[in-house]
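What follows is the content of target_26.cif, which has mmCIF, C-alpha atoms:
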data_protein
#
loop_
_atom_site.group_PDB
_atom_site.id
_atom_site.type_symbol
_atom_site.label_atom_id
_atom_site.label_comp_id
_atom_site.auth_asym_id
_atom_site.auth_seq_id
_atom_site.Cartn_x
_atom_site.Cartn_y
_atom_site.Cartn_z
ATOM 1 C CA MET A 22 -94.609 152.416 199.784
ATOM 2 C CA PRO A 23 -95.064 149.732 202.440
ATOM 3 C CA ASP A 24 -92.066 148.490 204.398
ATOM 4 C CA MET A 25 -92.052 144.746 203.709
ATOM 5 C CA PRO A 26 -89.523 142.096 202.761
ATOM 6 C CA ASP A 27 -88.421 142.346 199.157
ATOM 7 C CA LEU A 28 -86.145 140.536 196.721
ATOM 8 C CA GLU A 29 -83.102 142.427 197.914
ATOM 9 C CA SER A 30 -83.623 141.402 201.532
ATOM 10 C CA SER A 31 -82.898 137.790 200.561
ATOM 11 C CA ALA A 32 -79.339 138.725 199.576
ATOM 12 C CA LEU A 33 -76.543 138.195 202.051
ATOM 13 C CA PRO A 34 -73.769 140.733 202.650
ATOM 14 C CA ASP A 35 -71.196 138.277 201.310
ATOM 15 C CA ASP A 36 -73.176 137.542 198.122
ATOM 16 C CA HIS A 37 -71.517 138.770 194.972
ATOM 17 C CA LEU A 38 -72.056 142.493 194.345
ATOM 18 C CA ASP A 39 -73.565 141.781 190.912
ATOM 19 C CA LEU A 40 -76.245 139.567 192.496
ATOM 20 C CA ARG A 41 -77.020 142.192 195.138
ATOM 21 C CA LEU A 42 -77.178 144.882 192.444
ATOM 22 C CA TRP A 43 -79.558 142.747 190.339
ATOM 23 C CA LEU A 44 -81.836 142.170 193.339
ATOM 24 C CA ARG A 45 -81.789 145.875 194.233
ATOM 25 C CA MET A 46 -82.787 146.831 190.667
ATOM 26 C CA LEU A 47 -85.615 144.286 190.665
ATOM 27 C CA THR A 48 -86.796 145.499 194.052
ATOM 28 C CA CYS A 49 -86.849 149.121 192.907
ATOM 29 C CA CYS A 50 -88.732 148.209 189.720
ATOM 30 C CA ASN A 51 -91.241 146.125 191.672
ATOM 31 C CA LEU A 52 -91.822 148.868 194.258
ATOM 32 C CA ILE A 53 -92.373 151.545 191.622
ATOM 33 C CA GLU A 54 -94.573 149.319 189.463
ATOM 34 C CA SER A 55 -96.646 148.298 192.479
ATOM 35 C CA GLU A 56 -97.234 151.928 193.396
ATOM 36 C CA ILE A 57 -98.243 152.830 189.828
ATOM 37 C CA ARG A 58 -100.600 149.832 189.628
ATOM 38 C CA SER A 59 -102.192 150.840 192.931
ATOM 39 C CA ARG A 60 -102.692 154.465 191.891
ATOM 40 C CA LEU A 61 -104.157 153.484 188.510
ATOM 41 C CA ARG A 62 -106.563 151.135 190.272
ATOM 42 C CA THR A 63 -107.670 153.561 192.991
ATOM 43 C CA GLU A 64 -107.707 156.818 191.033
ATOM 44 C CA TYR A 65 -108.844 155.611 187.598
ATOM 45 C CA ASN A 66 -110.300 152.153 188.212
ATOM 46 C CA THR A 67 -107.977 150.721 185.586
ATOM 47 C CA THR A 68 -105.000 148.419 185.273
ATOM 48 C CA LEU A 69 -101.447 148.886 184.080
ATOM 49 C CA PRO A 70 -101.994 146.625 181.025
ATOM 50 C CA ARG A 71 -104.997 148.742 179.974
ATOM 51 C CA PHE A 72 -102.926 151.909 180.475
ATOM 52 C CA ASP A 73 -100.050 150.411 178.457
ATOM 53 C CA LEU A 74 -102.334 149.377 175.589
ATOM 54 C CA MET A 75 -103.849 152.842 175.418
ATOM 55 C CA ALA A 76 -100.363 154.385 175.493
ATOM 56 C CA GLN A 77 -99.364 152.274 172.481
ATOM 57 C CA LEU A 78 -102.483 153.367 170.616
ATOM 58 C CA LEU A 79 -101.957 157.061 171.366
ATOM 59 C CA ARG A 80 -98.590 156.771 169.607
ATOM 60 C CA ALA A 81 -100.276 155.155 166.583
ATOM 61 C CA PRO A 82 -103.123 157.475 165.530
ATOM 62 C CA ALA A 83 -104.030 155.234 162.569
ATOM 63 C CA GLY A 84 -104.369 152.318 164.967
ATOM 64 C CA MET A 85 -102.482 149.076 165.345
ATOM 65 C CA LYS A 86 -103.135 145.472 164.475
ATOM 66 C CA MET A 87 -103.815 143.390 167.544
ATOM 67 C CA SER A 88 -100.857 141.156 166.678
ATOM 68 C CA ASP A 89 -98.580 144.225 166.639
ATOM 69 C CA LEU A 90 -99.931 145.309 170.025
ATOM 70 C CA SER A 91 -99.234 141.836 171.345
ATOM 71 C CA ARG A 92 -95.657 141.923 170.094
ATOM 72 C CA ARG A 93 -95.018 145.459 171.312
ATOM 73 C CA MET A 94 -96.435 144.798 174.768
ATOM 74 C CA MET A 95 -94.836 141.332 174.962
ATOM 75 C CA VAL A 96 -98.078 139.577 175.926
ATOM 76 C CA THR A 97 -100.229 136.972 174.218
ATOM 77 C CA ASN A 98 -102.843 137.757 171.592
ATOM 78 C CA GLY A 99 -105.414 136.479 174.083
ATOM 79 C CA ASN A 100 -104.384 139.117 176.616
ATOM 80 C CA ILE A 101 -104.704 141.839 173.990
ATOM 81 C CA THR A 102 -108.120 140.533 172.962
ATOM 82 C CA GLY A 103 -109.385 140.569 176.547
ATOM 83 C CA ILE A 104 -108.126 144.084 177.248
ATOM 84 C CA THR A 105 -109.444 145.348 173.906
ATOM 85 C CA ASP A 106 -112.867 143.799 174.574
ATOM 86 C CA GLN A 107 -113.103 145.689 177.886
ATOM 87 C CA LEU A 108 -111.920 148.993 176.444
ATOM 88 C CA GLU A 109 -114.287 148.643 173.479
ATOM 89 C CA LYS A 110 -117.278 148.071 175.793
ATOM 90 C CA GLU A 111 -116.366 151.297 177.593
ATOM 91 C CA GLY A 112 -116.127 153.216 174.311
ATOM 92 C CA LEU A 113 -112.398 153.888 174.718
ATOM 93 C CA VAL A 114 -111.231 151.981 171.621
ATOM 94 C CA GLU A 115 -112.751 150.874 168.360
ATOM 95 C CA ARG A 116 -111.877 147.783 166.392
ATOM 96 C CA THR A 117 -112.178 147.439 162.626
ATOM 97 C CA LYS A 118 -111.489 144.449 160.413
ATOM 98 C CA VAL A 119 -108.622 144.712 157.946
ATOM 99 C CA ALA A 120 -110.099 144.526 154.439
ATOM 100 C CA SER A 121 -107.220 142.457 153.068
ATOM 101 C CA ASP A 122 -107.220 140.023 156.014
ATOM 102 C CA ARG A 123 -110.556 139.379 157.720
ATOM 103 C CA ARG A 124 -108.777 137.567 160.568
ATOM 104 C CA SER A 125 -106.958 140.781 161.547
ATOM 105 C CA SER A 126 -108.357 143.790 163.323
ATOM 106 C CA VAL A 127 -106.978 147.272 163.783
ATOM 107 C CA VAL A 128 -107.580 148.916 167.137
ATOM 108 C CA LYS A 129 -107.510 152.648 167.711
ATOM 109 C CA LEU A 130 -108.454 155.027 170.465
ATOM 110 C CA THR A 131 -111.785 156.788 170.209
ATOM 111 C CA ALA A 132 -112.048 160.501 170.976
ATOM 112 C CA LYS A 133 -113.260 159.519 174.453
ATOM 113 C CA GLY A 134 -110.318 157.117 174.791
ATOM 114 C CA LYS A 135 -107.851 159.881 173.922
ATOM 115 C CA ARG A 136 -109.393 162.216 176.511
ATOM 116 C CA VAL A 137 -109.409 159.559 179.229
ATOM 117 C CA PHE A 138 -105.877 158.404 178.443
ATOM 118 C CA ARG A 139 -104.401 161.907 178.349
ATOM 119 C CA LYS A 140 -105.816 162.573 181.813
ATOM 120 C CA MET A 141 -104.332 159.319 183.143
ATOM 121 C CA ALA A 142 -101.012 159.945 181.384
ATOM 122 C CA GLN A 143 -100.697 163.381 182.966
ATOM 123 C CA ALA A 144 -101.280 161.895 186.419
ATOM 124 C CA HIS A 145 -98.884 159.027 185.632
ATOM 125 C CA GLU A 146 -96.147 161.498 184.734
ATOM 126 C CA GLN A 147 -96.683 163.352 188.009
ATOM 127 C CA TRP A 148 -96.552 160.078 189.959
ATOM 128 C CA ILE A 149 -93.257 159.125 188.321
ATOM 129 C CA GLN A 150 -91.831 162.553 189.064
ATOM 130 C CA SER A 151 -92.884 162.284 192.691
ATOM 131 C CA LEU A 152 -91.428 158.772 193.021
ATOM 132 C CA PHE A 153 -88.059 159.949 191.707
ATOM 133 C CA GLY A 154 -88.341 163.376 193.313
ATOM 134 C CA GLY A 155 -86.477 162.295 196.424
ATOM 135 C CA LEU A 156 -83.313 161.884 194.361
ATOM 136 C CA SER A 157 -81.103 164.857 193.621
ATOM 137 C CA ASP A 158 -80.658 165.916 189.997
ATOM 138 C CA ASP A 159 -77.089 164.606 190.151
ATOM 139 C CA SER A 160 -78.265 161.220 191.451
ATOM 140 C CA ARG A 161 -80.986 160.932 188.793
ATOM 141 C CA ASN A 162 -78.505 161.814 186.044
ATOM 142 C CA ALA A 163 -75.901 159.384 187.404
ATOM 143 C CA LEU A 164 -78.500 156.597 187.617
ATOM 144 C CA PHE A 165 -79.712 157.351 184.097
ATOM 145 C CA ASP A 166 -76.145 157.203 182.753
ATOM 146 C CA ALA A 167 -75.297 154.031 184.704
ATOM 147 C CA LEU A 168 -78.417 152.271 183.417
ATOM 148 C CA ALA A 169 -77.585 153.353 179.849
ATOM 149 C CA GLU A 170 -74.174 151.768 180.271
ATOM 150 C CA LEU A 171 -75.741 148.587 181.666
ATOM 151 C CA LYS A 172 -78.248 148.497 178.801
ATOM 152 C CA ALA A 173 -75.442 148.762 176.249
ATOM 153 C CA VAL A 174 -73.523 145.932 177.923
ATOM 154 C CA ALA A 175 -76.558 143.702 178.444
ATOM 155 C CA ARG A 176 -78.105 144.148 174.987
ATOM 156 C CA PRO A 177 -75.526 141.978 173.146
ATOM 157 C CA LEU A 178 -76.044 139.262 175.797
ATOM 158 C CA ALA A 179 -79.754 139.106 174.963
ATOM 159 C CA SER A 180 -79.101 138.639 171.233
#
Kindly transcribe the structure held in the file into structure tokens.
Amino acid sequence: MPDMPDLESSALPDDHLDLRLWLRMLTCCNLIESEIRSRLRTEYNTTLPRFDLMAQLLRAPAGMKMSDLSRRMMVTNGNITGITDQLEKEGLVERTKVASDRRSSVVKLTAKGKRVFRKMAQAHEQWIQSLFGGLSDDSRNALFDALAELKAVARPLAS
């Protein structure tokens, strides 16, 4: 990962620890996401949103309504439509109209889409393992537990 200024570098040593912690978490997320985006682009000529959409569909063998994909991925219906259009042209997904609601479509992976996605997902898993591989098992477990605690504390704040 390139050595460049990041969100955390804008923090000052006398800034509140919670602010510095927040910026460190964002920096780590951004660095990891940037690396994954780059590898998807160079090794599979695809994008993270396309990967994410296909991941959602693999978990829903009967397919998903586009509106449900939009909600699950937290993006607009227009974004889902654009990604689906591309994947459909490549034969990776198929779209069918819902009989009871002609305005709705269900999207599902094709056999080709499943094969392509599984290959990408296997590589993705290896990339994640390599990115976290520099941490000891104890550090990974401690980080996992600390983030679970943070998630439990932060969840009521988001409600």
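The residues returned by the PyMOL selection byres ((chain A and resi 132-138) around 8) for this structure are Phe72, Met75, Ala76, Leu79, Gly112, Leu113, Val114, Leu130, Thr131, Arg139, Lys140, Met141 and Ala142 of chain A.
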Report task. Tell me which of A:Asp159, A:Leu168, A:Thr117, A:Arg80 sits closest to A:Trp43, counting only C-alpha atoms. Result -> A:Leu168
Query raised in the report: What is the distance between atom CA of A:Asp39 and atom CA of A:Glu54, in Å to one decimal?
Result: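 It comes out at 22.4 Å.
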Query raised in the report: From the list A:Thr68, A:Ser157, A:Ser59, A:Gln150, which residue is nearest A:Leu108 when using all atoms listed in the file?
Result: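 The closest residue to A:Leu108 is A:Thr68.
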Query raised in the report: What is the atom CA of A:Gln77 to atom CA of A:Ser55 distance in Å?
Result: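 Value for the atom CA of A:Gln77-atom CA of A:Ser55 distance: 20.6 Å.
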Requested in this report: Evaluate the PyMOL selection byres ((chain A and resi 118) around 12) here and jot the selected residues down as a ChimeraX atom specification.
Outcome: /A:84-87,115-117,119-129
**Report entry** 10 Å contact set for stretch 101-103 of chain A, only C-alpha atoms, chain neighbours under 2 positions out, as a VMD selection string
**Finding:** chain A and resid 70 to 71 74 87 to 92 94 to 99 105 to 109
Query raised in the report: Which one of A:Asp166, A:Asp158, A:Asp73, A:Glu111 sits closest to A:His145 if you count only C-alpha atoms?
Result: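 For A:His145, the nearest of the given residues is A:Asp73.
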Report task. Enter the distance from atom CA of A:Leu38 to atom CA of A:Ile149, in Å, rounded to one decimal. Result -> 27.6 Å
Report task. Around the point (-93.3, 155.9, 193.7), in the coordinates given by the file, pick out the residues reaching within 8 Å, counting all atoms listed in the file, and return them as number ranges by chain. Result -> A: 22, 52-54, 56-57, 148-149, 151-153
